[in-house]
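Student: One file: model04.cif (mmCIF, C-alpha atoms and all ligand atoms).
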data_start
#
loop_
_atom_site.label_atom_id
_atom_site.label_comp_id
_atom_site.auth_asym_id
_atom_site.auth_seq_id
_atom_site.Cartn_x
_atom_site.Cartn_y
_atom_site.Cartn_z
CA MET J 4 142.71 38.51 79.14
CA GLY J 5 142.43 41.92 80.62
CA GLU J 6 144.31 44.98 81.53
CA SER J 7 147.80 43.63 81.18
CA CYS J 8 147.29 42.54 77.57
CA LEU J 9 148.46 45.17 75.08
CA SER J 10 146.69 43.46 72.17
CA CYS J 11 143.38 43.49 74.05
CA GLU J 12 143.91 47.17 74.75
CA ILE J 13 144.52 47.89 71.06
CA THR J 14 141.79 45.74 69.53
CA SER J 15 139.18 47.06 71.97
CA GLY J 16 140.15 50.65 71.15
CA ARG J 17 141.11 51.42 74.76
CA ARG J 18 144.57 52.16 73.48
CA THR J 19 145.04 53.78 70.09
CA VAL J 20 147.78 52.84 67.70
CA PRO J 21 149.44 55.70 65.82
CA GLY J 22 147.87 55.65 62.37
CA GLY J 23 145.01 53.46 63.55
CA ALA J 24 143.84 50.22 62.01
CA VAL J 25 144.64 49.64 58.35
CA GLN J 26 141.73 47.27 58.42
CA GLU J 27 139.36 46.04 61.04
CA THR J 28 137.10 43.05 60.52
CA ARG J 29 134.65 41.27 62.77
CA PHE J 30 137.37 39.16 64.41
CA PHE J 31 140.68 40.86 63.57
CA HIS J 32 142.45 44.19 63.77
CA ALA J 33 145.36 44.99 61.44
CA HIS J 34 147.71 47.90 62.05
CA GLN J 35 151.17 49.19 61.24
CA ASP J 36 153.80 47.82 63.63
CA VAL J 37 154.81 50.92 65.56
CA ALA J 38 157.84 49.29 67.17
CA TYR J 39 159.69 49.21 63.84
CA PRO J 40 159.35 52.06 61.33
CA ILE J 41 159.16 49.88 58.24
CA PRO J 42 156.50 50.97 55.75
CA GLY J 43 153.79 48.36 55.35
CA GLN J 44 154.92 46.18 58.25
CA ILE J 45 151.57 45.00 59.50
CA ILE J 46 150.45 43.17 62.61
CA VAL J 47 147.21 41.23 62.33
CA THR J 48 145.77 40.71 65.82
CA ALA J 49 142.79 38.66 66.89
CA LYS J 50 140.15 40.65 68.74
CA ARG J 51 139.45 37.75 71.05
CA HIS J 52 142.17 36.90 73.55
CA PHE J 53 143.73 33.56 72.73
CA CYS J 54 147.29 32.45 72.14
CA PHE J 55 147.52 29.73 69.55
CA LEU J 56 146.44 29.28 65.97
CA THR J 57 144.76 26.04 67.01
CA GLU J 58 142.49 27.99 69.37
CA MET J 59 140.88 29.96 66.55
CA SER J 60 137.19 29.36 66.16
CA GLN J 61 135.81 28.18 62.84
CA ALA J 62 134.46 31.66 62.10
CA GLU J 63 137.78 33.32 62.98
CA THR J 64 139.65 30.81 60.88
CA SER J 65 137.43 31.51 57.86
CA GLU J 66 138.02 35.22 58.16
CA PHE J 67 141.74 35.10 58.87
CA LEU J 68 143.40 33.91 55.68
CA PRO J 69 141.33 36.00 53.23
CA LEU J 70 142.19 39.05 55.37
CA VAL J 71 145.91 38.24 55.28
CA GLN J 72 145.66 37.73 51.51
CA ARG J 73 143.93 41.09 51.00
CA ILE J 74 146.59 42.87 53.02
CA ARG J 75 149.33 41.04 51.16
CA ARG J 76 147.90 42.00 47.75
CA GLU J 77 147.67 45.65 48.75
CA GLN J 78 151.22 45.60 50.14
CA GLU J 79 152.27 44.70 46.62
CA ARG J 80 149.88 46.95 44.70
CA GLN J 81 150.20 50.05 46.84
CA LEU J 82 153.74 49.76 48.17
CA GLY J 83 155.51 47.53 45.64
CA ILE J 84 156.40 45.00 48.33
CA GLU J 85 157.60 41.95 46.47
CA HIS J 86 158.15 39.56 49.37
CA VAL J 87 156.82 39.27 52.90
CA TYR J 88 157.91 37.17 55.86
CA TYR J 89 155.21 35.97 58.23
CA PHE J 90 155.90 35.42 61.92
CA TYR J 91 153.86 34.05 64.72
CA ASN J 92 155.49 32.51 67.79
CA GLU J 93 154.10 29.62 69.75
CA ASP J 94 156.73 29.72 72.46
CA THR J 95 155.16 32.73 74.12
CA THR J 96 151.79 33.18 75.75
CA HIS J 97 151.06 36.40 73.92
CA HIS J 98 147.70 37.25 72.47
CA PHE J 99 147.57 35.84 68.95
CA HIS J 100 149.06 38.08 66.29
CA LEU J 101 150.72 37.60 62.93
CA TRP J 102 153.55 39.83 61.80
CA MET J 103 153.75 40.59 58.10
CA VAL J 104 157.33 41.79 57.63
CA PRO J 105 158.16 43.21 54.18
CA ARG J 106 161.47 42.36 52.61
CA TYR J 107 162.89 45.53 51.07
CA PRO J 108 165.99 45.70 48.84
CA TRP J 109 167.89 47.69 51.51
CA MET J 110 167.65 44.65 53.81
CA ALA J 111 169.97 42.69 51.52
CA ARG J 112 172.98 44.13 53.36
CA PHE J 113 171.95 42.08 56.39
CA GLY J 114 171.94 38.80 54.50
CA LYS J 115 169.33 36.56 53.05
CA SER J 116 166.11 35.14 54.34
CA ILE J 117 165.18 34.87 57.99
CA GLU J 118 168.68 35.45 59.34
CA ALA J 119 168.52 39.05 58.12
CA VAL J 120 165.22 39.92 59.72
CA ARG J 121 166.31 40.79 63.24
CA SER J 122 169.21 42.94 62.02
CA ALA J 123 166.97 44.71 59.55
CA LEU J 124 164.35 45.41 62.20
CA LEU J 125 166.94 46.77 64.61
CA HIS J 126 168.49 48.88 61.87
CA ALA J 127 165.06 50.35 61.13
CA ARG J 128 164.44 51.09 64.79
CA GLU J 129 167.85 52.69 65.31
CA GLN J 130 168.47 54.42 61.98
CA MET J 131 165.10 55.06 60.38
CA SER J 132 163.16 56.94 63.02
CA SER J 133 163.58 60.43 61.56
CA GLU J 134 160.50 62.50 60.87
CA HIS J 135 160.95 61.79 57.19
CA HIS J 136 160.92 58.03 57.74
CA LEU J 137 157.97 58.14 60.11
CA ALA J 138 156.02 60.19 57.58
CA ALA J 139 156.70 57.52 54.95
CA VAL J 140 155.46 54.83 57.34
CA ALA J 141 152.28 56.80 58.04
CA GLU J 142 151.73 57.41 54.34
CA ALA J 143 152.11 53.69 53.58
CA ALA J 144 149.59 52.82 56.31
CA ALA J 145 147.13 55.37 54.90
CA LYS J 146 147.48 53.90 51.40
CA LEU J 147 146.83 50.41 52.71
CA ARG J 148 143.84 51.58 54.72
CA GLU J 149 142.28 53.34 51.73
CA SER J 150 142.86 50.50 49.30
CA LEU J 151 141.62 47.85 51.74
CA ALA J 152 138.49 49.90 52.39
CA ARG J 153 137.87 50.21 48.63
CA GLU J 154 138.32 46.48 48.16
CA VAL J 155 135.69 45.69 50.78
CA GLU J 156 133.25 48.12 49.17
CA GLY J 157 134.02 46.69 45.74
CA ASP J 158 133.21 43.15 46.79
ZN ZN J 201 144.66 39.88 74.87
#
Would you write the structure of this file as structure tokens?
Ligand SMILES: [Zn+2]
Tutor:
Amino acid sequence: MGESCLSCEITSGRRTVPGGAVQETRFFHAHQDVAYPIPGQIIVTAKRHFCFLTEMSQAETSEFLPLVQRIRREQERQLGIEHVYYFYNEDTTHHFHLWMVPRYPWMARFGKSIEAVRSALLHAREQMSSEHHLAAVAEAAAKLRESLAREVEGD
């Protein structure tokens, strides 16, 4: 834990993420991935510093999947995202976080399934960082934030 952990910095609010959280719950913080300008690409980070899924407490575990499901539904409803890839690596000692990577039609040029993901991410980082693209990413994050907030109120 501590000062060298970027996720701890973000979830504690000591470091702000552009666009802020799209949703924050008791145990998790979800925000747009700022490393790759792909609309609706969300990182769900635990607030507590731990590395592995198996280290989640019972309470964290109960909150986690419904949160991921809510985000996933709004990715579809608000942004028309038909498919999402989920990534979480166990071969690192990073603070636990789940990537929710949308599959957009433009990614088809890089191939199918998981083999296309890295190329698509790099393409986005290198070719889609114009002001216009970044505005679209921010707008998508705002839509997700608003709809997720409504859903919580509605429950
Ligand atoms: Zn941490």
Student: Tell me which protein, DNA and RNA residues are within 12 Å of Thr19 (chain J), counting all atoms listed in the file, leaving out same-chain ones fewer than 5 positions away, and put them as a list of chain:residue names.
Tutor: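 Counting all atoms listed in the file, the residues come to J:Leu9, J:Ser10, J:Cys11, J:Glu12, J:Ile13, J:Thr14, J:Ala24, J:His32, J:His34, J:Gln35, J:Val37.
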Student: Excluding same-chain residues fewer than 5 positions from Leu68 (chain J), what lies within 12 Å of it counting all atoms listed in the file, as a PDB file with C-alpha atoms, keeping the file's coordinate frame?
Tutor:
ATOM      1  CA  PHE J  30     137.370  39.160  64.410  1.00  0.00           C
ATOM      2  CA  PHE J  31     140.680  40.860  63.570  1.00  0.00           C
ATOM      3  CA  VAL J  47     147.210  41.230  62.330  1.00  0.00           C
ATOM      4  CA  LEU J  56     146.440  29.280  65.970  1.00  0.00           C
ATOM      5  CA  MET J  59     140.880  29.960  66.550  1.00  0.00           C
ATOM      6  CA  GLN J  61     135.810  28.180  62.840  1.00  0.00           C
ATOM      7  CA  ALA J  62     134.460  31.660  62.100  1.00  0.00           C
ATOM      8  CA  GLU J  63     137.780  33.320  62.980  1.00  0.00           C
ATOM      9  CA  ARG J  73     143.930  41.090  51.000  1.00  0.00           C
ATOM     10  CA  ILE J  74     146.590  42.870  53.020  1.00  0.00           C
ATOM     11  CA  ARG J  75     149.330  41.040  51.160  1.00  0.00           C
ATOM     12  CA  LEU J 101     150.720  37.600  62.930  1.00  0.00           C
TER      13      LEU J 101
END
Student: Compare J:Ala38, J:Met131, J:Ala49, J:Ala33 by their minimum atom-to-atom distance to His98 (chain J), counting only C-alpha atoms, and give me the closest one.
Tutor: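 Of all the options, J:Ala49 lies closest to His98 (chain J).
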Student: Could you tell me which of J:His97, J:Met110, J:Pro21, J:Leu125 comes closest to ligand ZN 201 (chain J) if we count all atoms listed in the file?
Tutor: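 Under the stated criterion, the closest residue is J:His97.
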Student: Take the point (161.1, 43.4, 48.7) as written in the file and pick out every residue within 6 Å of it, counting only C-alpha atoms; give the list as a short mmCIF file (atom, residue, chain, number, x, y, z; two decimals) with C-alpha atoms, in the coordinates of the input.
Tutor:
data_model
loop_
_atom_site.label_atom_id
_atom_site.label_comp_id
_atom_site.auth_asym_id
_atom_site.auth_seq_id
_atom_site.Cartn_x
_atom_site.Cartn_y
_atom_site.Cartn_z
CA ILE J 84 156.40 45.00 48.33
CA GLU J 85 157.60 41.95 46.47
CA HIS J 86 158.15 39.56 49.37
CA ARG J 106 161.47 42.36 52.61
CA TYR J 107 162.89 45.53 51.07
CA PRO J 108 165.99 45.70 48.84
#
Student: Would you mind reading off the distance between CA of Leu147 (chain J) and CA of Thr57 (chain J), one decimal, in Å?
Tutor: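 For CA of Leu147 (chain J) relative to CA of Thr57 (chain J), the distance reads 28.3 Å.
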Student: Considering only C-alpha atoms and all ligand atoms, state which residue in the set J:Val20, J:Ala111, J:Cys54, J:Leu137 is at the smallest distance from ligand ZN 201 (chain J).
Tutor: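 So, comparing all the options, the nearest one is J:Cys54.
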Student: Got a sec: who's within 8 Å of region 77-82 of chain J, counting all atoms listed in the file, leaving out chain neighbours fewer than 5 positions off, as a list in words?
Tutor: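 Those residues are Gly43, Ala143, Lys146, Leu147, Ser150 and Leu151 of chain J.
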Student: Nearest to Ile117 (chain J): which of J:Ala145, J:Cys8, J:Val104, J:Val140 is it, counting all atoms listed in the file?
Tutor: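 The answer is J:Val104, which sits nearest to Ile117 (chain J).
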Student: Pick from J:Gln130, J:Thr64, J:Gln72, J:Thr96: nearest to ligand ZN 201 (chain J), with only C-alpha atoms and all ligand atoms counted?
Tutor: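 Smallest separation from ligand ZN 201 (chain J) among the options: J:Thr96.
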Student: One number please: CA of Pro69 (chain J) to CA of Gly22 (chain J), in Å, one decimal.
Tutor: 22.6 Å
Student: For Ser132 (chain J), work out the shell of residues within 12 Å, counting only C-alpha atoms and skipping chain neighbours fewer than 4 positions away, then give it as an MDAnalysis selection string.
Tutor: chainID J and resid 37:42 124:128 136:141
Student: Between CA of Met103 (chain J) and CA of Arg121 (chain J), what is the distance, to one decimal in Å?
Tutor: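 Calculated distance between CA of Met103 (chain J) and CA of Arg121 (chain J) is 13.6 Å.
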Student: For ligand ZN 201 (chain J), which of J:Arg76, J:Gln26, J:Leu70, J:Phe99 is the closest residue, counting only C-alpha atoms and all ligand atoms?
Tutor: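 Of J:Arg76, J:Gln26, J:Leu70, J:Phe99, the one nearest ligand ZN 201 (chain J), counting only C-alpha atoms and all ligand atoms, is J:Phe99.
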Student: If we count only C-alpha atoms, what is near Asp36 (chain J) at a cut-off of 7 Å, once residues fewer than 4 positions away on the same chain are taken out, given as a list in words?
Tutor: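 Selected residues are Gln44, Ile45 and Ile46 of chain J.
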Student: Those same residues - C-alpha atoms - I'd like them written as a short mmCIF file (atom, residue, chain, number, x, y, z; two decimals), keeping the file's coordinate frame.
Tutor:
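Written out: result_9.cif:
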data_model
loop_
_atom_site.label_atom_id
_atom_site.label_comp_id
_atom_site.auth_asym_id
_atom_site.auth_seq_id
_atom_site.Cartn_x
_atom_site.Cartn_y
_atom_site.Cartn_z
CA GLN J 44 154.92 46.18 58.25
CA ILE J 45 151.57 45.00 59.50
CA ILE J 46 150.45 43.17 62.61
#
Student: What would region 117-148 of chain J look like with N, CA and C atoms in place, written as a short mmCIF file (atom, residue, chain, number, x, y, z; two decimals), in the coordinates of the input?
Tutor:
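And here is the file that came out, result_4.cif:
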data_model
loop_
_atom_site.label_atom_id
_atom_site.label_comp_id
_atom_site.auth_asym_id
_atom_site.auth_seq_id
_atom_site.Cartn_x
_atom_site.Cartn_y
_atom_site.Cartn_z
N ILE J 117 165.59 34.57 56.63
CA ILE J 117 165.18 34.87 57.99
C ILE J 117 166.33 35.39 58.85
N GLU J 118 167.54 35.01 58.53
CA GLU J 118 168.68 35.45 59.34
C GLU J 118 168.85 36.97 59.31
N ALA J 119 168.35 37.61 58.25
CA ALA J 119 168.52 39.05 58.12
C ALA J 119 167.45 39.84 58.87
N VAL J 120 166.39 39.18 59.26
CA VAL J 120 165.22 39.92 59.72
C VAL J 120 165.50 40.72 60.99
N ARG J 121 166.09 40.08 61.98
CA ARG J 121 166.31 40.79 63.24
C ARG J 121 167.22 42.01 63.04
N SER J 122 168.30 41.81 62.28
CA SER J 122 169.21 42.94 62.02
C SER J 122 168.51 44.06 61.28
N ALA J 123 167.69 43.69 60.33
CA ALA J 123 166.97 44.71 59.55
C ALA J 123 165.98 45.47 60.44
N LEU J 124 165.30 44.74 61.31
CA LEU J 124 164.35 45.41 62.20
C LEU J 124 165.07 46.37 63.15
N LEU J 125 166.19 45.91 63.69
CA LEU J 125 166.94 46.77 64.61
C LEU J 125 167.51 47.98 63.90
N HIS J 126 167.98 47.76 62.68
CA HIS J 126 168.49 48.88 61.87
C HIS J 126 167.37 49.91 61.68
N ALA J 127 166.19 49.42 61.35
CA ALA J 127 165.06 50.35 61.13
C ALA J 127 164.77 51.13 62.41
N ARG J 128 164.76 50.42 63.53
CA ARG J 128 164.44 51.09 64.79
C ARG J 128 165.51 52.13 65.16
N GLU J 129 166.77 51.80 64.88
CA GLU J 129 167.85 52.69 65.31
C GLU J 129 168.16 53.80 64.29
N GLN J 130 168.01 53.48 63.00
CA GLN J 130 168.47 54.42 61.98
C GLN J 130 167.36 55.06 61.15
N MET J 131 166.14 54.58 61.29
CA MET J 131 165.10 55.06 60.38
C MET J 131 163.93 55.68 61.14
N SER J 132 164.25 56.38 62.21
CA SER J 132 163.16 56.94 63.02
C SER J 132 163.05 58.46 62.86
N SER J 133 163.68 58.99 61.81
CA SER J 133 163.58 60.43 61.56
C SER J 133 162.14 60.77 61.17
N GLU J 134 161.84 62.04 61.23
CA GLU J 134 160.50 62.50 60.87
C GLU J 134 160.14 62.08 59.45
N HIS J 135 161.13 62.16 58.59
CA HIS J 135 160.95 61.79 57.19
C HIS J 135 160.55 60.32 57.06
N HIS J 136 161.25 59.45 57.78
CA HIS J 136 160.92 58.03 57.74
C HIS J 136 159.54 57.75 58.32
N LEU J 137 159.26 58.39 59.45
CA LEU J 137 157.97 58.14 60.11
C LEU J 137 156.81 58.62 59.24
N ALA J 138 157.06 59.70 58.49
CA ALA J 138 156.02 60.19 57.58
C ALA J 138 155.77 59.17 56.47
N ALA J 139 156.85 58.54 56.00
CA ALA J 139 156.70 57.52 54.95
C ALA J 139 155.92 56.31 55.47
N VAL J 140 156.17 55.96 56.72
CA VAL J 140 155.46 54.83 57.34
C VAL J 140 153.97 55.16 57.45
N ALA J 141 153.68 56.37 57.89
CA ALA J 141 152.28 56.80 58.04
C ALA J 141 151.58 56.85 56.69
N GLU J 142 152.31 57.32 55.68
CA GLU J 142 151.73 57.41 54.34
C GLU J 142 151.42 56.02 53.79
N ALA J 143 152.33 55.07 54.03
CA ALA J 143 152.11 53.69 53.58
C ALA J 143 150.88 53.10 54.27
N ALA J 144 150.74 53.34 55.57
CA ALA J 144 149.59 52.82 56.31
C ALA J 144 148.29 53.42 55.77
N ALA J 145 148.33 54.71 55.44
CA ALA J 145 147.13 55.37 54.90
C ALA J 145 146.75 54.78 53.55
N LYS J 146 147.75 54.51 52.71
CA LYS J 146 147.48 53.90 51.40
C LYS J 146 146.85 52.53 51.56
N LEU J 147 147.39 51.75 52.48
CA LEU J 147 146.83 50.41 52.71
C LEU J 147 145.40 50.52 53.22
N ARG J 148 145.18 51.42 54.15
CA ARG J 148 143.84 51.58 54.72
C ARG J 148 142.84 51.93 53.63
#
